[in-house]
Amino acid sequence: MEKVATVTLDEKGHFYGELDGKGFDLTATGLRAVDLMLISIGYCFGLTVEAYTSHKGYKIKNLKIDVVGKKHEKENRYSEITIKVSFDSDLSEEQIKRVMEIGKRGCTVSNSMLKAPEIKTEFISE
C-alpha cells in the first residue's frame, strides 16, 4: 500500500503538508522537520501502546512519552533516539516490559528508521 504525502511551498514562504485530504500549515507550527519526526515517533509509539493495552484490557492512565534525539557529532542526523515512557497502572513488571516491546515493534515510524527504506528522488515537470 502506498501513501502520498504532499508538501507545498506558497508565495509567502509557508510550507503546507497534506495527506488523505487532511492538511495543515507546517511553517505555522514553529516546528522543524526533525521536531515533527521526533513527535511522530512518540505519537506512533503511543498509538501502538494504547491499542495493545486496550486489546488486553489493561488499564493505563497518564501516558507520557518523551522522545529524546541525540545529534551525531559530525553528520547531519541523530545518532541515538531514546523513547522514555511513563504511565500509571497496576501492571506487573513483565506486563510493562511486554507493553514496551509491543510499542517499539508495532510502530511503523521507528521500524522505518531501524530498517531504513530506500529513498529515491524524481523530478516531475508539470
# chains A, B, ... in the order shown; residues from 1 in each chain; ligands from 1
>>> residues_around(residues="region 22-37 of chain A", least_positions_apart="6", cutoff="12 Å", atoms="only C-alpha atoms", output="MDAnalysis selection string")
chainID A and resid 4:10 12:16 43:44 67:71 76:78 81 109:110 112:113
>>> write_last_selection(atoms="C-alpha atoms", output="PDB file, in the first residue's frame")
ATOM      1  CA  VAL A   4       1.226  10.054  -0.720  1.00  0.00           C
ATOM      2  CA  ALA A   5       2.093  13.000   1.487  1.00  0.00           C
ATOM      3  CA  THR A   6       2.243  16.319  -0.344  1.00  0.00           C
ATOM      4  CA  VAL A   7       4.293  19.266   0.844  1.00  0.00           C
ATOM      5  CA  THR A   8       3.944  22.599  -0.937  1.00  0.00           C
ATOM      6  CA  LEU A   9       5.604  25.973  -0.560  1.00  0.00           C
ATOM      7  CA  ASP A  10       3.426  29.041  -1.145  1.00  0.00           C
ATOM      8  CA  LYS A  12       4.651  33.699   1.337  1.00  0.00           C
ATOM      9  CA  GLY A  13       7.279  31.068   2.163  1.00  0.00           C
ATOM     10  CA  HIS A  14       4.942  28.801   4.130  1.00  0.00           C
ATOM     11  CA  PHE A  15       5.163  25.053   3.790  1.00  0.00           C
ATOM     12  CA  TYR A  16       1.902  23.119   3.850  1.00  0.00           C
ATOM     13  CA  TYR A  43       2.785   9.508  18.612  1.00  0.00           C
ATOM     14  CA  CYS A  44       3.202   6.210  16.771  1.00  0.00           C
ATOM     15  CA  VAL A  67      11.418  11.107  22.641  1.00  0.00           C
ATOM     16  CA  VAL A  68      14.995  12.255  23.086  1.00  0.00           C
ATOM     17  CA  GLY A  69      17.102  12.744  19.978  1.00  0.00           C
ATOM     18  CA  LYS A  70      20.876  12.948  20.318  1.00  0.00           C
ATOM     19  CA  LYS A  71      22.539  14.657  17.353  1.00  0.00           C
ATOM     20  CA  ASN A  76      23.552  15.719   9.848  1.00  0.00           C
ATOM     21  CA  ARG A  77      21.426  13.103  11.606  1.00  0.00           C
ATOM     22  CA  TYR A  78      20.530  11.739  15.010  1.00  0.00           C
ATOM     23  CA  ILE A  81      16.893   8.204  19.836  1.00  0.00           C
ATOM     24  CA  VAL A 109       7.723   5.160  12.104  1.00  0.00           C
ATOM     25  CA  SER A 110      10.530   3.733  14.234  1.00  0.00           C
ATOM     26  CA  SER A 112      11.120   2.542   9.083  1.00  0.00           C
ATOM     27  CA  MET A 113      14.114   4.137  10.758  1.00  0.00           C
TER      28      MET A 113
END
>>> select_by_dssp(residues="chain A", states="alpha helix (DSSP H)", output="MDAnalysis selection string")
chainID A and resid 33:56 93:105 108:114
>>> closest_residue(among="A:Glu93, A:Tyr58, A:Glu11, A:Ile102", to="Gly46 (chain A)", atoms="only C-alpha atoms")
A:Ile102
>>> closest_residue(among="A:Arg105, A:Lys3, A:Lys120, A:Lys115", to="Val49 (chain A)", atoms="only C-alpha atoms")
A:Arg105
>>> closest_residue(among="A:Ser125, A:Gln95, A:Glu101, A:Gly42", to="Lys59 (chain A)", atoms="only C-alpha atoms")
A:Gln95
>>> decode(residues="region 3-14 of chain A", atoms="C-alpha atoms", output="mmCIF file, in the first residue's frame")
data_model
loop_
_atom_site.group_PDB
_atom_site.id
_atom_site.type_symbol
_atom_site.label_atom_id
_atom_site.label_comp_id
_atom_site.auth_asym_id
_atom_site.auth_seq_id
_atom_site.Cartn_x
_atom_site.Cartn_y
_atom_site.Cartn_z
ATOM 1 C CA LYS A 3 0.571 6.693 0.857
ATOM 2 C CA VAL A 4 1.226 10.054 -0.720
ATOM 3 C CA ALA A 5 2.093 13.000 1.487
ATOM 4 C CA THR A 6 2.243 16.319 -0.344
ATOM 5 C CA VAL A 7 4.293 19.266 0.844
ATOM 6 C CA THR A 8 3.944 22.599 -0.937
ATOM 7 C CA LEU A 9 5.604 25.973 -0.560
ATOM 8 C CA ASP A 10 3.426 29.041 -1.145
ATOM 9 C CA GLU A 11 4.429 32.521 -2.290
ATOM 10 C CA LYS A 12 4.651 33.699 1.337
ATOM 11 C CA GLY A 13 7.279 31.068 2.163
ATOM 12 C CA HIS A 14 4.942 28.801 4.130
#
